[in-house]
Every structure is written in structure tokens, then in C-alpha cells.
>>> print(open('final.txt').read())   # compact mmCIF, C-alpha atoms
# COMPACT_ATOMS: atom_id res chain seq x y z
CA MET M 1 -7.14 -10.05 -7.33
CA ILE M 2 -3.68 -10.05 -8.83
CA LYS M 3 -2.01 -7.43 -11.00
CA SER M 4 -3.02 -9.02 -14.33
CA GLU M 5 -6.68 -9.08 -13.19
CA LEU M 6 -6.46 -5.44 -12.15
CA ILE M 7 -5.12 -4.62 -15.63
CA GLU M 8 -7.96 -6.61 -17.27
CA LYS M 9 -10.61 -4.80 -15.23
CA LEU M 10 -9.11 -1.41 -15.92
CA ALA M 11 -8.92 -2.30 -19.63
CA ALA M 12 -12.59 -3.38 -19.65
CA GLN M 13 -13.56 0.03 -18.23
CA ASN M 14 -11.45 1.86 -20.82
CA PRO M 15 -12.11 0.14 -24.15
CA HIS M 16 -10.56 3.06 -26.06
CA LEU M 17 -7.13 2.29 -24.58
CA LEU M 18 -4.79 -0.53 -25.59
CA GLN M 19 -4.07 -3.29 -23.07
CA LYS M 20 -0.39 -2.36 -23.38
CA ASP M 21 -1.18 1.25 -22.36
CA ILE M 22 -3.13 0.04 -19.33
CA GLU M 23 -0.20 -2.16 -18.30
CA ASN M 24 2.08 0.84 -18.70
CA ILE M 25 -0.27 2.96 -16.55
CA VAL M 26 -0.45 0.43 -13.70
CA ASN M 27 3.32 -0.11 -13.76
CA THR M 28 3.97 3.63 -13.88
CA ILE M 29 1.83 4.16 -10.78
CA LEU M 30 3.48 1.30 -8.85
CA ASP M 31 6.99 2.37 -9.92
CA GLU M 32 6.29 5.95 -8.89
CA MET M 33 5.16 4.66 -5.49
CA SER M 34 8.12 2.35 -4.93
CA ASN M 35 10.59 5.03 -6.09
CA ALA M 36 9.05 7.51 -3.66
CA LEU M 37 9.34 5.02 -0.78
CA ALA M 38 12.94 4.25 -1.76
CA GLU M 39 13.65 7.97 -1.30
CA GLY M 40 12.05 7.79 2.13
CA ARG M 41 9.06 9.81 1.02
CA ARG M 42 5.54 9.42 2.33
CA ILE M 43 2.60 8.61 0.03
CA GLU M 44 -0.91 9.77 0.89
CA LEU M 45 -3.81 8.45 -1.12
CA ARG M 46 -6.97 9.98 0.27
CA GLY M 47 -9.62 7.34 0.89
CA PHE M 48 -7.23 4.45 0.36
CA GLY M 49 -4.40 4.95 2.83
CA ALA M 50 -0.91 6.26 3.49
CA PHE M 51 2.50 4.64 3.08
CA SER M 52 5.57 5.70 4.99
CA VAL M 53 9.06 4.38 5.58
CA LYS M 54 10.13 3.55 9.13
CA ASN M 55 13.63 3.04 10.43
CA ARG M 56 14.43 -0.01 12.55
CA SER M 57 17.65 0.34 14.55
CA ALA M 58 20.20 -2.43 14.69
CA ARG M 59 19.49 -4.81 17.56
CA ILE M 60 20.60 -8.08 19.08
CA GLY M 61 18.06 -10.71 18.17
CA ARG M 62 17.84 -14.30 19.20
CA ASN M 63 17.29 -17.44 17.23
CA PRO M 64 14.05 -18.57 18.87
CA ARG M 65 14.92 -22.21 18.35
CA THR M 66 18.44 -22.27 19.73
CA GLY M 67 18.41 -19.12 21.87
CA GLU M 68 21.60 -18.07 20.13
CA LYS M 69 22.27 -14.32 19.89
CA VAL M 70 22.36 -12.87 16.39
CA SER M 71 22.96 -9.27 15.43
CA VAL M 72 20.26 -7.73 13.26
CA SER M 73 21.46 -4.71 11.30
CA GLU M 74 19.62 -1.43 10.88
CA LYS M 75 16.87 -1.50 8.26
CA TYR M 76 13.99 0.44 6.78
CA ILE M 77 10.50 -0.96 6.37
CA PRO M 78 7.54 0.40 4.44
CA GLN M 79 4.46 0.90 6.54
CA PHE M 80 0.84 1.25 5.44
CA LYS M 81 -2.07 2.77 7.33
CA ALA M 82 -5.51 2.23 5.81
CA GLY M 83 -7.56 5.35 5.11
CA LYS M 84 -10.83 6.18 6.80
CA GLU M 85 -12.98 5.58 3.73
CA ILE M 86 -11.67 2.06 3.06
CA ARG M 87 -11.90 1.11 6.75
CA GLU M 88 -15.55 2.14 6.70
CA ARG M 89 -16.21 0.31 3.43
CA LEU M 90 -14.73 -2.92 4.80
CA ASN M 91 -16.84 -2.69 7.94
CA LYS M 92 -20.23 -1.79 6.55
CA MET H 1 14.76 16.50 5.91
CA ALA H 2 11.29 17.47 4.75
CA LYS H 3 10.71 15.45 1.60
CA LYS H 4 7.56 16.16 -0.33
CA THR H 5 4.68 13.77 0.25
CA VAL H 6 3.47 11.93 -2.84
CA THR H 7 -0.25 12.28 -3.61
CA ARG H 8 -2.68 11.19 -6.31
CA ALA H 9 -1.74 14.34 -8.22
CA ASP H 10 1.89 13.18 -8.44
CA LEU H 11 0.84 9.72 -9.60
CA SER H 12 -1.40 11.13 -12.32
CA GLU H 13 1.39 13.52 -13.38
CA ALA H 14 3.68 10.47 -13.80
CA VAL H 15 1.00 8.74 -15.90
CA TYR H 16 0.59 11.92 -17.96
CA GLN H 17 4.37 12.14 -18.57
CA ASN H 18 4.88 8.44 -19.31
CA VAL H 19 1.80 7.34 -21.18
CA GLY H 20 0.77 10.43 -23.07
CA LEU H 21 -2.88 10.62 -22.02
CA SER H 22 -4.47 13.94 -21.10
CA ARG H 23 -4.04 15.18 -17.52
CA THR H 24 -7.77 14.67 -16.89
CA GLU H 25 -7.71 11.12 -18.17
CA SER H 26 -4.50 10.30 -16.28
CA ALA H 27 -6.10 11.49 -13.03
CA GLU H 28 -9.22 9.47 -13.83
CA LEU H 29 -7.18 6.28 -14.35
CA VAL H 30 -5.28 6.70 -11.08
CA ASP H 31 -8.63 7.01 -9.27
CA ARG H 32 -10.07 4.01 -11.13
CA MET H 33 -7.11 1.83 -10.21
CA PHE H 34 -7.43 2.49 -6.47
CA GLU H 35 -11.22 2.15 -6.70
CA LEU H 36 -10.85 -1.28 -8.36
CA MET H 37 -8.39 -2.29 -5.65
CA SER H 38 -10.82 -1.16 -2.93
CA GLU H 39 -13.68 -3.07 -4.56
CA ALA H 40 -11.56 -6.21 -4.81
CA LEU H 41 -10.64 -5.90 -1.12
CA GLU H 42 -14.32 -5.60 -0.20
CA LYS H 43 -15.23 -8.62 -2.32
CA GLU H 44 -12.31 -11.02 -2.12
CA ASN H 45 -10.19 -9.69 0.76
CA ILE H 46 -6.91 -9.77 -1.12
CA VAL H 47 -5.03 -7.77 -3.75
CA LYS H 48 -1.59 -8.98 -4.84
CA LEU H 49 0.60 -6.69 -6.91
CA SER H 50 3.71 -8.61 -7.85
CA SER H 51 7.00 -6.85 -7.09
CA PHE H 52 5.15 -4.21 -5.02
CA GLY H 53 3.33 -6.11 -2.30
CA SER H 54 -0.06 -7.43 -1.24
CA PHE H 55 -3.03 -6.05 0.66
CA HIS H 56 -5.01 -8.37 2.93
CA VAL H 57 -8.22 -7.87 4.88
CA ARG H 58 -7.89 -9.39 8.37
CA LYS H 59 -10.86 -10.16 10.60
CA LYS H 60 -10.46 -9.14 14.23
CA ASN H 61 -12.61 -10.75 16.92
CA GLU H 62 -14.26 -8.75 19.66
CA ARG H 63 -11.94 -8.05 22.57
CA ILE H 64 -11.93 -6.07 25.76
CA GLY H 65 -10.02 -2.83 25.57
CA ARG H 66 -9.31 -0.27 28.22
CA ASN H 67 -9.48 3.49 28.07
CA PRO H 68 -5.85 4.26 28.93
CA LYS H 69 -6.82 7.55 30.58
CA THR H 70 -9.66 6.37 32.81
CA GLY H 71 -8.90 2.65 33.04
CA VAL H 72 -12.52 1.85 32.16
CA GLU H 73 -12.93 -1.44 30.29
CA VAL H 74 -14.84 -1.20 27.02
CA PRO H 75 -15.65 -3.91 24.47
CA ILE H 76 -13.99 -3.39 21.09
CA SER H 77 -16.37 -4.63 18.41
CA PRO H 78 -15.31 -7.26 15.86
CA ARG H 79 -13.94 -5.54 12.77
CA LYS H 80 -12.01 -5.92 9.57
CA VAL H 81 -8.64 -4.26 9.12
CA LEU H 82 -6.54 -3.74 6.02
CA VAL H 83 -2.88 -4.71 6.16
CA PHE H 84 -0.10 -4.29 3.60
CA LYS H 85 2.67 -6.82 3.17
CA PRO H 86 5.53 -5.33 1.14
CA SER H 87 7.24 -7.63 -1.37
CA ASN H 88 10.87 -8.57 -0.81
CA ILE H 89 11.68 -6.63 -3.98
CA LEU H 90 10.20 -3.44 -2.50
CA LYS H 91 11.91 -3.97 0.87
CA ASP H 92 15.29 -4.58 -0.81
CA LYS H 93 14.86 -1.54 -3.02
CA ILE H 94 14.09 0.72 -0.02
CA ASN H 95 17.00 -0.63 2.02
CA LYS H 96 19.48 -0.39 -0.86
CA SER H 97 18.51 3.21 -1.41
CA MET H 98 18.18 4.34 2.22
CA LEU H 99 21.26 2.54 3.53
CA GLY H 100 23.31 2.85 0.35
CA ARG H 101 24.14 -0.83 0.17
>>> encode(input="final.txt", output="C-alpha cells")
Amino acid sequence: MIKSELIEKLAAQNPHLLQKDIENIVNTILDEMSNALAEGRRIELRGFGAFSVKNRSARIGRNPRTGEKVSVSEKYIPQFKAGKEIRERLNK
Amino acid sequence: MAKKTVTRADLSEAVYQNVGLSRTESAELVDRMFELMSEALEKENIVKLSSFGSFHVRKKNERIGRNPKTGVEVPISPRKVLVFKPSNILKDKINKSMLGR
């Protein structure tokens, strides 16, 4: 499923709302989530999962092909841990 | 640096502020969106949200694990796990903001 299909499904369940409002809703939710992560905040969505931002220190990496040393600078990565409910749903 | 954790309540508040639905309906729509995503993951194993990232269901085969405390070997049953792959846009946005560059 891609975003446009999610919007279509949500629109089908809410016939009293305009497609444009549904798009606005989905984008608002995703923007709120990415803005929170950009501030280093954690997101907890009970049943679905939790997002957090992890720091990765600078390190000396290697080009696996040539063996050459390259410096990798410090970075932050978003991390997701699936919630209990969804893990159980996927495994039933 | 204790920053407040974002929950469903915060997401529905944002919908309420931005879209102008009632608080009840905003909360309902947030729940419906994550429910539709969960259903899609159960059925088709993938949800792609452009500019945010994608969720994939991975199948894990059975393997032998070990209780780290007792050293006893136990079989770990085959299972499905949910992984999130952030988009480059999201990664760049986080790094720009956290590292100020």
C-alpha cells in the first residue's frame, strides 16, 4: 500500500469528508511525526510501535571494495520498534 | 534533555488544529489511519509513505537461540517482524535539525 492508496481507503471510510481533507489529515499526521523526530523526540503509538532517534558517533569506516579508510561523520538515525499488538497480528 | 514523547493524542490535536474537524473525529481518523496501515501490513506486507519512509514485514526462519543467563539452547520459532526504513528525506531532515547543518 502506498500513501495515495491509504488516502483512498480512508476517504472510502469517511464519505462525508472531501478527498482533499483526507490528504491534509494524512500529511498533517506524517509531518507532525517527522517534525517530532527532527527535534529528537520519541513517538509512541500504542499497538503500532514506537519511533526514536539514535545518535551514531563519527567513526572510521572502510570502503569494502578497496579497503580504503574513510571517515564517517556523526549522524542521527530514526529507529522503529514494532508494538506488541502488531507483532501478534502479524504472527497469528 | 527530557523532551515530551509524542502520542496519538498529540497527532489528533494537530489534525484538530490543522483540518478543523472535531476533537473526537480527529482522534478517530488518527486511529483509522494506523489501523489501515496495520491491515495493509497483514495483507500485503508493505506500506510505503513517500517522503516519510516504508514499513516492511520480514519473515524470519527458525533458528537456535541461547538463554544468555543459563547457556541453554532453545529453538526460536519462525516469525514475522516489522521493520521501518526511513526515507532519505526524513533522514536528512533529522540530521539537518539535530546537527544544525
>>> residues_around(input="final.txt", residues="segment 43-51 of chain H", least_positions_apart="4", cutoff="10 Å", atoms="all atoms listed in the file", output="number ranges by chain")
M: 1-6, 26-27, 30-31, 34, 90; H: 36-39, 55-59, 80, 82-91
>>> interface_residues(input="final.txt", of="chain H", to="chain M", cutoff="6 Å", atoms="all atoms listed in the file", output="PyMOL selection string")
chain H and resi 3+5-8+11+15+42+47-49+84+94-95+97
>>> atom_distance(input="final.txt", atom1="atom CA of Phe34 of chain H", atom2="atom CA of Val81 of chain H")
17.0 Å
>>> atom_distance(input="final.txt", atom1="atom CA of Asn18 of chain H", atom2="atom CA of Asp31 of chain H")
16.9 Å
>>> residues_around(input="final.txt", residues="Ser73 of chain M", least_positions_apart="3", cutoff="12 Å", atoms="all atoms listed in the file", output="list in words")
Asn55, Arg56, Ser57, Ala58, Arg59, Ile60, Gly61, Val70 and Tyr76 of chain M; Asn95 and Leu99 of chain H
>>> build_atoms(input="final.txt", residues="segment 80-91 of chain H", atoms="all heavy atoms", output="compact mmCIF listing (two decimals), in the frame of the given file")
# COMPACT_ATOMS: atom_id res chain seq x y z
N LYS H 80 -12.96 -5.51 10.59
CA LYS H 80 -12.01 -5.92 9.57
C LYS H 80 -10.96 -4.83 9.43
O LYS H 80 -11.29 -3.65 9.45
CB LYS H 80 -12.73 -6.11 8.24
CG LYS H 80 -13.61 -7.35 8.21
CD LYS H 80 -14.30 -7.45 6.89
CE LYS H 80 -15.15 -8.70 6.80
NZ LYS H 80 -15.94 -8.68 5.55
N VAL H 81 -9.71 -5.24 9.31
CA VAL H 81 -8.64 -4.26 9.12
C VAL H 81 -7.86 -4.59 7.85
O VAL H 81 -7.81 -5.75 7.42
CB VAL H 81 -7.68 -4.20 10.33
CG1 VAL H 81 -8.39 -3.74 11.58
CG2 VAL H 81 -7.00 -5.54 10.55
N LEU H 82 -7.30 -3.56 7.25
CA LEU H 82 -6.54 -3.74 6.02
C LEU H 82 -5.06 -3.69 6.33
O LEU H 82 -4.59 -2.73 6.96
CB LEU H 82 -6.92 -2.63 5.03
CG LEU H 82 -6.17 -2.60 3.70
CD1 LEU H 82 -6.32 -3.90 2.94
CD2 LEU H 82 -6.66 -1.43 2.85
N VAL H 83 -4.32 -4.72 5.93
CA VAL H 83 -2.88 -4.71 6.16
C VAL H 83 -2.13 -4.82 4.83
O VAL H 83 -2.65 -5.37 3.86
CB VAL H 83 -2.40 -5.83 7.12
CG1 VAL H 83 -3.02 -5.66 8.49
CG2 VAL H 83 -2.73 -7.21 6.57
N PHE H 84 -0.94 -4.26 4.79
CA PHE H 84 -0.10 -4.29 3.60
C PHE H 84 1.15 -5.09 3.90
O PHE H 84 1.79 -4.88 4.93
CB PHE H 84 0.29 -2.86 3.20
CG PHE H 84 1.31 -2.78 2.10
CD1 PHE H 84 1.02 -3.27 0.83
CD2 PHE H 84 2.56 -2.22 2.31
CE1 PHE H 84 1.95 -3.20 -0.20
CE2 PHE H 84 3.50 -2.15 1.28
CZ PHE H 84 3.19 -2.64 0.03
N LYS H 85 1.45 -6.05 3.02
CA LYS H 85 2.67 -6.82 3.17
C LYS H 85 3.57 -6.47 1.99
O LYS H 85 3.25 -6.82 0.85
CB LYS H 85 2.31 -8.32 3.18
CG LYS H 85 3.43 -9.19 3.65
CD LYS H 85 2.96 -10.63 3.81
CE LYS H 85 4.12 -11.53 4.20
NZ LYS H 85 5.19 -11.58 3.21
N PRO H 86 4.66 -5.73 2.25
CA PRO H 86 5.53 -5.33 1.14
C PRO H 86 6.25 -6.53 0.56
O PRO H 86 6.58 -7.47 1.29
CB PRO H 86 6.52 -4.36 1.80
CG PRO H 86 6.49 -4.69 3.25
CD PRO H 86 5.13 -5.23 3.55
N SER H 87 6.49 -6.53 -0.74
CA SER H 87 7.24 -7.63 -1.37
C SER H 87 8.71 -7.51 -0.97
O SER H 87 9.17 -6.44 -0.57
CB SER H 87 7.13 -7.53 -2.88
OG SER H 87 7.89 -6.42 -3.33
N ASN H 88 9.44 -8.61 -1.10
CA ASN H 88 10.87 -8.57 -0.81
C ASN H 88 11.58 -7.61 -1.76
O ASN H 88 12.54 -6.94 -1.38
CB ASN H 88 11.48 -9.96 -0.91
CG ASN H 88 11.09 -10.81 0.28
OD1 ASN H 88 10.88 -10.29 1.38
ND2 ASN H 88 10.94 -12.11 0.07
N ILE H 89 11.07 -7.54 -3.00
CA ILE H 89 11.68 -6.63 -3.98
C ILE H 89 11.58 -5.19 -3.50
O ILE H 89 12.55 -4.44 -3.53
CB ILE H 89 10.99 -6.80 -5.36
CG1 ILE H 89 11.23 -8.21 -5.90
CG2 ILE H 89 11.45 -5.73 -6.35
CD1 ILE H 89 10.49 -8.55 -7.18
N LEU H 90 10.38 -4.81 -3.00
CA LEU H 90 10.20 -3.44 -2.50
C LEU H 90 11.07 -3.18 -1.27
O LEU H 90 11.73 -2.14 -1.16
CB LEU H 90 8.71 -3.19 -2.18
CG LEU H 90 8.38 -1.80 -1.62
CD1 LEU H 90 8.74 -0.70 -2.62
CD2 LEU H 90 6.90 -1.70 -1.25
N LYS H 91 11.10 -4.14 -0.35
CA LYS H 91 11.91 -3.97 0.87
C LYS H 91 13.39 -3.81 0.52
O LYS H 91 14.07 -2.94 1.05
CB LYS H 91 11.71 -5.16 1.81
CG LYS H 91 10.37 -5.10 2.54
CD LYS H 91 10.31 -6.09 3.68
CE LYS H 91 10.03 -7.48 3.20
NZ LYS H 91 9.83 -8.45 4.30
